[in-house]
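One structure below.
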Amino acid sequence: MKLLKLTLNNFRAFYGQQVLNLDVEEGSPSVLIFGNNGAGKTTLLNAFAWALYGKFSDDVEQQQRVIHDQKWAETPLGSSVSASVELKFTHAGVTFSALREVSAVKNSNNQVPVQATLSLTKIERGESEVIPNGQDRIEKILPEGLRRFFFFNGERMEKMFAGEESNHEVKQAIKTLMDLEPMERAIAEHLPAAARRLARQLPKGGDSRLTKLQEEQERLEEQRAEAGKRAEKVSEEISSYEREVKAMEKALRSHSESKPLQNSRKKLEWQIKVKSDELVSRYSRKSEILSKGGFLAFTSGIDKQVVELAEAMRERRQLPAGIQRDFIDGLIEDGACMCGTPVPEGSAAYAELDKRRYNAGLQDVEARWMFVSGQMRHLGEAREALLEGLRQATLEIQSCQDEIKRLEAEKSDIDRQLQGVNIQDVQRLEQKRKEYDEKRIDGISEHRRLQERFEEFQVEIDKVKRQFRSAQSEDEESRRVQRQVNLVNEVLETFQEALELKTEEVRAELDAKVKEVFSRIFRKTYEPELTESFELHLKSAAGAAIRSTGENQVLGLSFVGAVSEIAKLIHQRKSKGGGDILGEGGIYPVVMDAPFGSLDLAYQKDVAQALPKLTSQIITLLSNSQARGEVMEHLQRSATRMYVLRSVTPNTDAMQESIEINNRAVPFVTHGEFEHTILEEVTV
Amino acid sequence: MSEKKTAQEVLGKLSPDGVKLAKRVVELEREYLHIRNSNAIVDDIVAAVKGIIK
């Protein structure tokens, strides 16, 4: 998607027709728009989203006043009046024009909410065609769930990841953008429903076994869905208890008596968590030692026994002695023993030497004996090492457990102290906190149990499916339905496996990209991390970083930039690769108001440098204070177009202002007959 | 040690009929992505299956 032109007609602060050209040159992806506070930057940002989705963001006040106040005021009662926003853009080689309009008959001096209408026109090869159900088409081009990533206010950026609801929406939006949603929905709803519908078409009087299996599967699926629904509800309850606990803790921190205790408890909880994680890793280390060399513990005595047995056999000459055949051959050839005794052929000494020569010939056996006896000695050493390793691991586990016990006792003591604070409000808060925490813990156990039930049902369903798949059907009609159901199940099972892998691939790719973009802007050694559950965290060497508003803004900005870049990459791969089932992505513009939010000057410079690299088109709305010095230079370097929102005011007490662009003073605030804003293009 | 499989490799193991259906299903899901609780999509998937296995 590439934005071409935005045309406003009597839209909120903008009187008459105002045009914003948005096409940009390659390498200069920015359109910069400067305006002072109240000039209409937020309105302009909202104009994009309003044209596409017919909605304003929550921070827009008086949303019913879509038509410019002056235009409304000068319209006679009983006459009709309108306002509109037209957004021209291209997508997949086709040009579209989205015209959103409100039209009303003025019946009073105040505007009332009016439903806006949309007309979406497609312009292809010079011919235009109105698209019926245009909203539907817009949703396919840029789903509304994604608007938070592409049309946003930098000052509200830090709220992008605040709160669970917001996190859920972000997760869903990522999945939509990264093209995981189609597969997810197919797995969760539509393929199982299609398989059920097909299976119900088994002929009556056909294969009764298939019908029974199909009924059994449906029964199990219903039970699984029930367990899933219940687990979801319990999970929501757990979250709500967590919120309550947090709220109580926050309230406890607001009392001077309970504040230090609450802070100590929070610290202890964190320490308990760290130690519990350590305990888990100690246990897994012990399991690893046992799985690799646990058998050694049962070899005690075996090695000694083997050596003794072998030695006894050796003494009985049932095993070869340690004499080499070449040596005995030499004695026989010389006809004399090494002590000088003659050994003539046929003598008893000769016979004895010959016998020893035979035994000495079994060199392989001897070599193996040497090897086995050597290994026996190693076995003992390995057993010792295993026992030492296990002793060490057990000590570490014990030490972790003792530490957790100590911390829990300390925490329990603080719990008691908090209950004993002689302030009724504190006691009430602590009691409530305890109640909610207990409910939360019970909820976690129930959730685990329900998840196990869910998985048990899944195992049963898979078993029934396998039986259905391999059943030998007698009649042809049943066999056909069976093949159809099996085909749906083949796709369903493949999608399940592929989605799991794809989700991890996308997460890892996005995680790496967020880290890269973040490190371009951020100076501290903090590192962002996109978790397995698609939650964005910021980590420092000491654990989770305590995020300031500014840090949250940089994090949000990095995330948006990473999302744009990955979406573009997926799209490019898809364009090159052709017929893959996965991966759509896309090229999207970014429209942002106040990109610097409350960042200090150093970060403003870094952000100004990083912005143009985020995507191929970026519309930036800035205030006068954000457009100075080096920041302005960086921004201008990447700009194809620049606009100024000139505020016109009848208030002659207000100072007329100008903004300096390219060493030229451009009017910023001027006097006029009524309040309105004019969009003026400035030479880059 | 075995290399980790990719999603694309897993999808590559679908039977020829499986590939046809998988492509159609993803196409339909994209088509209906903005509609919640659509029954029409199930009709379309069933029709696609019947078109592949007659």
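Naming works like this for the structure tokens: A, B, ... for the chains as they're shown, residue 1 at the start of each chain, ligands 1 onward in shown order.
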
Legend entry - Shell around Ser399 of chain A at 10 Å using only C-alpha atoms, local window under 6 positions removed, as a PyMOL selection string: chain A and resi 275+279+393+405

Please produce an output containing C-alpha atoms for each residue in the selection, written as an mmCIF file, in the first residue's frame.
data_model
loop_
_atom_site.group_PDB
_atom_site.id
_atom_site.type_symbol
_atom_site.label_atom_id
_atom_site.label_comp_id
_atom_site.auth_asym_id
_atom_site.auth_seq_id
_atom_site.Cartn_x
_atom_site.Cartn_y
_atom_site.Cartn_z
ATOM 1 C CA LYS A 275 15.401 -19.106 43.271
ATOM 2 C CA LEU A 279 15.698 -24.851 41.420
ATOM 3 C CA ALA A 393 23.603 -31.447 42.450
ATOM 4 C CA LYS A 405 12.043 -21.865 52.489
#

Please, which residues in chain B fall within 6 Å of chain A when counting only C-alpha atoms, and what is the closest atom pair and distance in Å to one decimal for each, ordered by chain then residue number, as a Markdown table?
| residue | atom | partner | partner_atom | distance |
| --- | --- | --- | --- | --- |
| B:Ala7 | CA | A:Ala498 | CA | 4.4 |
| B:Val10 | CA | A:Ala498 | CA | 5.9 |
| B:Gly18 | CA | A:Val491 | CA | 5.8 |
| B:Lys23 | CA | A:Ile581 | CA | 5.6 |
| B:Val26 | CA | A:Pro182 | CA | 5.8 |
| B:Glu29 | CA | A:Pro182 | CA | 4.9 |
| B:Arg30 | CA | A:Pro182 | CA | 5.9 |
| B:Val42 | CA | A:Ala194 | CA | 5.5 |
| B:Val46 | CA | A:Ala194 | CA | 5.6 |

For N, CA and C atoms, I'd like the residues from the last selection saved as an mmCIF file, in the first residue's frame.
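Once everything was written out, this is selection-v8.cif:
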data_model
loop_
_atom_site.group_PDB
_atom_site.id
_atom_site.type_symbol
_atom_site.label_atom_id
_atom_site.label_comp_id
_atom_site.auth_asym_id
_atom_site.auth_seq_id
_atom_site.Cartn_x
_atom_site.Cartn_y
_atom_site.Cartn_z
ATOM 1 N N ALA B 7 8.345 -24.623 8.553
ATOM 2 C CA ALA B 7 6.921 -24.726 8.237
ATOM 3 C C ALA B 7 6.737 -25.081 6.767
ATOM 4 N N VAL B 10 7.250 -28.739 6.132
ATOM 5 C CA VAL B 10 6.097 -29.534 6.593
ATOM 6 C C VAL B 10 4.974 -29.464 5.557
ATOM 7 N N GLY B 18 -3.775 -32.636 -1.103
ATOM 8 C CA GLY B 18 -3.631 -31.850 0.132
ATOM 9 C C GLY B 18 -3.159 -30.438 -0.190
ATOM 10 N N LYS B 23 -4.054 -24.733 -0.304
ATOM 11 C CA LYS B 23 -3.988 -23.419 -0.963
ATOM 12 C C LYS B 23 -5.363 -22.765 -0.981
ATOM 13 N N VAL B 26 -6.380 -21.487 2.562
ATOM 14 C CA VAL B 26 -5.712 -20.233 2.955
ATOM 15 C C VAL B 26 -6.301 -19.060 2.160
ATOM 16 N N GLU B 29 -9.631 -18.289 3.670
ATOM 17 C CA GLU B 29 -9.475 -17.642 4.979
ATOM 18 C C GLU B 29 -9.096 -16.178 4.804
ATOM 19 N N ARG B 30 -8.223 -15.901 3.831
ATOM 20 C CA ARG B 30 -7.834 -14.495 3.590
ATOM 21 C C ARG B 30 -9.056 -13.710 3.105
ATOM 22 N N VAL B 42 -17.124 -22.434 5.576
ATOM 23 C CA VAL B 42 -17.194 -23.900 5.728
ATOM 24 C C VAL B 42 -17.855 -24.505 4.487
ATOM 25 N N VAL B 46 -16.021 -27.224 2.075
ATOM 26 C CA VAL B 46 -16.668 -28.508 1.731
ATOM 27 C C VAL B 46 -16.767 -28.634 0.213
#

Inset, instruction - Can you work out the spacing between atom CA of Ala13 of chain A and atom CA of Thr43 of chain A in Å, to one decimal? - result: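 The value is 7.4 Å.
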
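Of note, atom CA of Met1 of chain A and atom CA of Ile41 of chain B are spaced 26.5 Å apart.
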
For segment 47-54 of chain B, please output as a CSV table (one decimal) with C-alpha atoms, in the first residue's frame all residues within 7 Å (counting only C-alpha atoms; exclusion window: fewer than 3 positions along the same chain).
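Final output, selection35.csv:
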chain,number,residue,atom,x,y,z
A,484,GLN,CA,-12.9,-36.5,1.7
B,17,ASP,CA,-4.7,-33.2,-3.3
B,21,LEU,CA,-7.0,-28.0,-0.6
B,43,ASP,CA,-19.5,-24.3,2.8
B,44,ASP,CA,-16.7,-23.2,0.4
